[in-house]
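Asker: Next up is a structure, given as structure tokens.
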Amino acid sequence: MLKIEGISASYGELKVLHDISQEVADGETVVTVGPNGAGKTTLLRVISGVLKPTSGAIYFDGQRLDGKEPYEIVDMGIAIVPEGGRLFPGLTVYDNLKAGSYTKRSRREFKQSLAEIFSNFPILEERHNQIAGSLSGGERQMLAIARTLMSRPKLVMLDEVSSGLAPKIVTNLFELVKAIKSQGYSVLMVEQNVKKAVELADHAYLMESGRLQFLGTKEDFIQSPHIKKAYLGI
Amino acid sequence: MLILNAVINGIFFGGSLALLAYGLNLCFGVLNIIHFFYGQTVMVGLYIIFTLTVWLHIPLIVSCLVAVAVIAALHIVVHLGVVQPLLKAPLLNQFLALASIMIILENSAMGIWGATYRGVPISLPVLSIGELYIRTSNLIAFLGCLVVVGLLYLFLNKTYTGLAIRAIAQDTEMASLMGMNPRRVYLITLALVGVLAGVVAAFFVPIYAVHPHWGGTFTLMAFVIVVLGGLGSLAGGLLAAFIIGVVMMVASFLTIPEGGPIAAYLIFLVVILLRPQGLLGARVRA
């Protein structure tokens, strides 16, 4: 489904991604873990088209997507939940969800998508007229995920969904990701919460200083001595 | 009773000001640019209507529609030629570029139409209700502008394009990740802003005669209203437009004609000193 081949990227002079290759198969959940500043978020920014890579290629369903604009990429079926949710704080919950279904493809199914979202997240239906900026942290993240699903994506990218939230809410969010996964979406997730994230993964990558250091199935990953020592504290 | 007359005139005047302020606010909210020549585009609109109706004997309604289209087109040309290339330029460059357009428009008008006042001779009746005298032209402008503000509100709140305009005003990058094309939305916004200026020109035809420097006053007044209401707050702009309209008319009535602008700008200064974010400008960018 998603195939990343030798992607490098820089912010100005600073090279942040070095020759990254990664794959997400249809219906698979892939998790990239690693310390802060490793380049995980940058990789998602490159895939979503916000940052143009300096070399390499990205394919989605066989179609090349690097060089395309973000609004074209979301229309191809890749949607992102950015770190912190990045809602439109001054718009209502309803308008945020509607913004999620902006692409031509998802617009036609707006009513159906909305009904599904409201039945899965009754709290959002209850607050549909409320300004998004007035929601609690957990509700915001829920809305951010719901907004992304409104675009009817094939691949959902999640950038540090758990960051800055209380442990109980984090647990709920990971349950939510699990539910998304079980509905057949492909998921590409970037996380600092290694333990919880890897549990959900079919494949996991470790990224350090802009390079992929380890790739394996969930089992391989947890067994790796380096990962055990540095990230799982075992 | 006469003061009530001034209040009513002020409210009517406020309707047109609200439309002007709405356009300026959209421009600032969406593109983050300061539209320096907004009043000047209304001025050009008035000249177009004058030329078509008085010189070429084209029916007024047709002239007005042509003016709206030309002002919208003018905005599109300026956007593609000047604004878009300068969106990421330093603020001062944007400022000077847009100010240059203002100078170009004013001097072109001076060259084409000369310094004399040009107006379309339309005499609309004055309605009298008891001791109240209402100029029909002001009433039409007021009602017309309210209808347009209402349509604009519906457009912004009920359509996907309107949603894109509002979303881009909040977070351009996120909006593009939702599938919105910022370049396209910028262009639509500028065209829309042009349509608003054209509509204001059409409603101003029976009220004002125009001269080349006529626009400056309105650019400045629209700015004052936008800042007074709170930059980016459409509701605030509406409120401020009516406040300024009423203050100007009442102060002119109570003192001398020049007292109107003096009072309006004094109020503006006081508000800006005590409440820099404007009346309803509590907006926080996340």
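Residue numbers start at 1 in each chain; chains themselves are named A, B, ... in the order of the structure tokens; ligands are numbered from 1 in the order shown.
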Return the neighbours of chain B among the residues of chain A, cut-off 7 Å, counting only C-alpha atoms, as a PyMOL selection string.
Answerer: chain A and resi 70-72+74-75+86+88-89+99-100+102-103
Asker: Given the selection you just returned, output its residues as a file containing N, CA and C atoms, formatted as a JSON list (two decimals), in the first residue's frame.
Answerer:
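Done, and the output landed in result_29.json:
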```json
[["chain", "number", "residue", "atom", "x", "y", "z"],
["A", 70, "PRO", "N", -0.29, 18.61, -0.31],
["A", 70, "PRO", "CA", -1.03, 17.92, 0.76],
["A", 70, "PRO", "C", -2.49, 17.65, 0.39],
["A", 71, "TYR", "N", -3.15, 18.63, -0.26],
["A", 71, "TYR", "CA", -4.57, 18.45, -0.56],
["A", 71, "TYR", "C", -4.79, 17.38, -1.63],
["A", 72, "GLU", "N", -3.76, 17.09, -2.43],
["A", 72, "GLU", "CA", -3.89, 16.00, -3.40],
["A", 72, "GLU", "C", -3.67, 14.66, -2.71],
["A", 74, "VAL", "N", -4.26, 13.83, 0.44],
["A", 74, "VAL", "CA", -5.38, 13.39, 1.27],
["A", 74, "VAL", "C", -6.49, 12.84, 0.37],
["A", 75, "ASP", "N", -6.60, 13.38, -0.83],
["A", 75, "ASP", "CA", -7.60, 12.88, -1.77],
["A", 75, "ASP", "C", -7.25, 11.47, -2.25],
["A", 86, "ARG", "N", -4.35, 19.58, 16.34],
["A", 86, "ARG", "CA", -4.48, 20.73, 15.43],
["A", 86, "ARG", "C", -5.90, 20.89, 14.88],
["A", 88, "PHE", "N", -9.40, 23.11, 14.24],
["A", 88, "PHE", "CA", -9.66, 24.51, 13.97],
["A", 88, "PHE", "C", -10.39, 25.03, 15.20],
["A", 89, "PRO", "N", -9.67, 25.69, 16.11],
["A", 89, "PRO", "CA", -10.23, 25.94, 17.45],
["A", 89, "PRO", "C", -11.46, 26.84, 17.43],
["A", 99, "ALA", "N", -15.03, 19.72, 7.78],
["A", 99, "ALA", "CA", -13.74, 20.01, 7.13],
["A", 99, "ALA", "C", -13.01, 18.71, 6.81],
["A", 100, "GLY", "N", -13.18, 17.72, 7.69],
["A", 100, "GLY", "CA", -12.55, 16.42, 7.45],
["A", 100, "GLY", "C", -13.05, 15.76, 6.18],
["A", 102, "TYR", "N", -13.77, 17.19, 3.36],
["A", 102, "TYR", "CA", -13.71, 18.21, 2.31],
["A", 102, "TYR", "C", -13.43, 17.62, 0.92],
["A", 103, "THR", "N", -12.64, 16.55, 0.87],
["A", 103, "THR", "CA", -12.27, 16.03, -0.45],
["A", 103, "THR", "C", -13.51, 15.56, -1.21]]
```
Asker: So which residues touch Ala144 in chain A within 9 Å, counting only C-alpha atoms, skipping near sequence neighbours fewer than 5 positions away, as a PyMOL selection string?
Answerer: chain A and resi 81-82+84-87+96-97+139+149
Asker: Which residues are close to Ile7 in chain A, i.e. within 10 Å by only C-alpha atoms, leaving aside same-chain residues fewer than 6 positions away? Reply as a list in words.
Answerer: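 Neighbouring residues, sequence-local ones excluded: Leu17, His18, Asp19, Ile20, Ser21, Gln22, Leu43, Val46, Ile47, Lys52, Pro53, Thr54, Ser55, Gly56, Ala57, Ile58 and Asp66 of chain A.
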Asker: Please return as a PyMOL selection string: the residues of chain A that backbone DSSP assigns to alpha helix (DSSP H).
Answerer: chain A and resi 40-48+70-76+93-100+104-107+110-120+122-126+137-149+167-182+194-200+218-223+225-227
Asker: For Ala251 in chain B, which residue among B:Ala115, B:Ile71, B:Ile3, B:Ile8 is the nearest when counting only C-alpha atoms?
Answerer: B:Ile3
Asker: Report as a PDB file with N, CA and C atoms, in the first residue's frame all protein, DNA and RNA residues lying within 10 Å of Ile262 in chain B, evaluated on only C-alpha atoms, omitting residues in the same chain fewer than 4 positions from it.
Answerer:
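Writing done, so here's out_7.pdb:
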```
ATOM      1  N   VAL B 247     -22.292  57.262  15.484  1.00  0.00           N
ATOM      2  CA  VAL B 247     -21.500  58.323  16.116  1.00  0.00           C
ATOM      3  C   VAL B 247     -21.234  59.456  15.124  1.00  0.00           C
ATOM      4  N   MET B 248     -20.872  59.084  13.901  1.00  0.00           N
ATOM      5  CA  MET B 248     -20.554  60.117  12.914  1.00  0.00           C
ATOM      6  C   MET B 248     -21.764  61.001  12.606  1.00  0.00           C
ATOM      7  N   ALA B 251     -22.835  63.065  15.837  1.00  0.00           N
ATOM      8  CA  ALA B 251     -21.878  64.128  16.168  1.00  0.00           C
ATOM      9  C   ALA B 251     -21.932  65.247  15.133  1.00  0.00           C
ATOM     10  N   SER B 252     -22.068  64.867  13.858  1.00  0.00           N
ATOM     11  CA  SER B 252     -22.178  65.900  12.820  1.00  0.00           C
ATOM     12  C   SER B 252     -23.420  66.747  13.036  1.00  0.00           C
ATOM     13  N   PRO B 257     -20.435  69.663  10.618  1.00  0.00           N
ATOM     14  CA  PRO B 257     -20.262  68.461   9.794  1.00  0.00           C
ATOM     15  C   PRO B 257     -18.939  67.749  10.062  1.00  0.00           C
ATOM     16  N   GLU B 258     -17.879  68.519  10.317  1.00  0.00           N
ATOM     17  CA  GLU B 258     -16.563  67.901  10.556  1.00  0.00           C
ATOM     18  C   GLU B 258     -16.505  67.200  11.906  1.00  0.00           C
ATOM     19  N   LEU B 266     -11.947  59.813  17.633  1.00  0.00           N
ATOM     20  CA  LEU B 266     -11.632  59.903  19.058  1.00  0.00           C
ATOM     21  C   LEU B 266     -12.074  58.629  19.776  1.00  0.00           C
ATOM     22  N   ILE B 267     -13.287  58.172  19.455  1.00  0.00           N
ATOM     23  CA  ILE B 267     -13.768  56.936  20.072  1.00  0.00           C
ATOM     24  C   ILE B 267     -12.848  55.774  19.727  1.00  0.00           C
ATOM     25  N   PHE B 268     -12.435  55.758  18.476  1.00  0.00           N
ATOM     26  CA  PHE B 268     -11.514  54.717  18.044  1.00  0.00           C
ATOM     27  C   PHE B 268     -10.236  54.729  18.879  1.00  0.00           C
TER      28      PHE B 268
END
```
Asker: Taking the chain letters and numbering used in this document, name the residues of range 35-205 of chain B that DSSP puts in strand (DSSP E or B), as a PyMOL selection string.
Answerer: chain B and resi 118+126-129+132-135
Asker: Residues within 8 Å of Gly10 in chain B, please, as a ChimeraX atom specification. Count only C-alpha atoms; anything in the same chain fewer than 3 positions from it doesn't count.
Answerer: /B:6-7,13-14,242,244-250
Asker: Could you give me, as a PDB file with C-alpha atoms, in the first residue's frame, the residues within 8 Å of range 113-119 of chain A, counting only C-alpha atoms and dropping anything in the same chain fewer than 6 positions from it?
Answerer:
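Result written to selection-v2.pdb:
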```pdb
ATOM      1  CA  LEU A  97     -15.883  17.175  11.112  1.00  0.00           C
ATOM      2  CA  GLU A 125     -22.814  14.542  18.698  1.00  0.00           C
ATOM      3  CA  ALA A 146     -12.826  11.545  14.077  1.00  0.00           C
ATOM      4  CA  MET A 150     -14.312  11.710   7.967  1.00  0.00           C
ATOM      5  CA  ARG A 152     -12.604   8.092   4.462  1.00  0.00           C
TER       6      ARG A 152
END
```
Asker: Could you name the residues that touch Thr92 in chain A at 8 Å or less, counting only C-alpha atoms, but leaving out those on the same chain fewer than 5 positions away, as a list in words?
Answerer: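 Non-adjacent residues within range: His128, Asn129, Gln130, Ile131 and Ala132 of chain A.
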Asker: So how many Å separate CA of Arg140 in chain A and CA of Val50 in chain A, to one decimal?
Answerer: 22.4 Å
Asker: Let me make sure I understand: among A:Lys15, A:Val24, A:Gly138, A:Phe221, which one has the smallest atom-to-atom distance to Gly37 in chain A if we use only C-alpha atoms?
Answerer: A:Lys15
Asker: Expressed in Å to a single decimal, how great is the separation between CA of Leu279 in chain B and CA of Gly229 in chain B?
Answerer: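 CA of Leu279 in chain B sits 4.9 Å away from CA of Gly229 in chain B.
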Asker: Could you tell me how far CA of Ser134 in chain A sits from CA of Gln112 in chain A, in Å to one decimal place?
Answerer: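 Taking CA of Gln112 in chain A and CA of Ser134 in chain A, their separation equals 26.0 Å.
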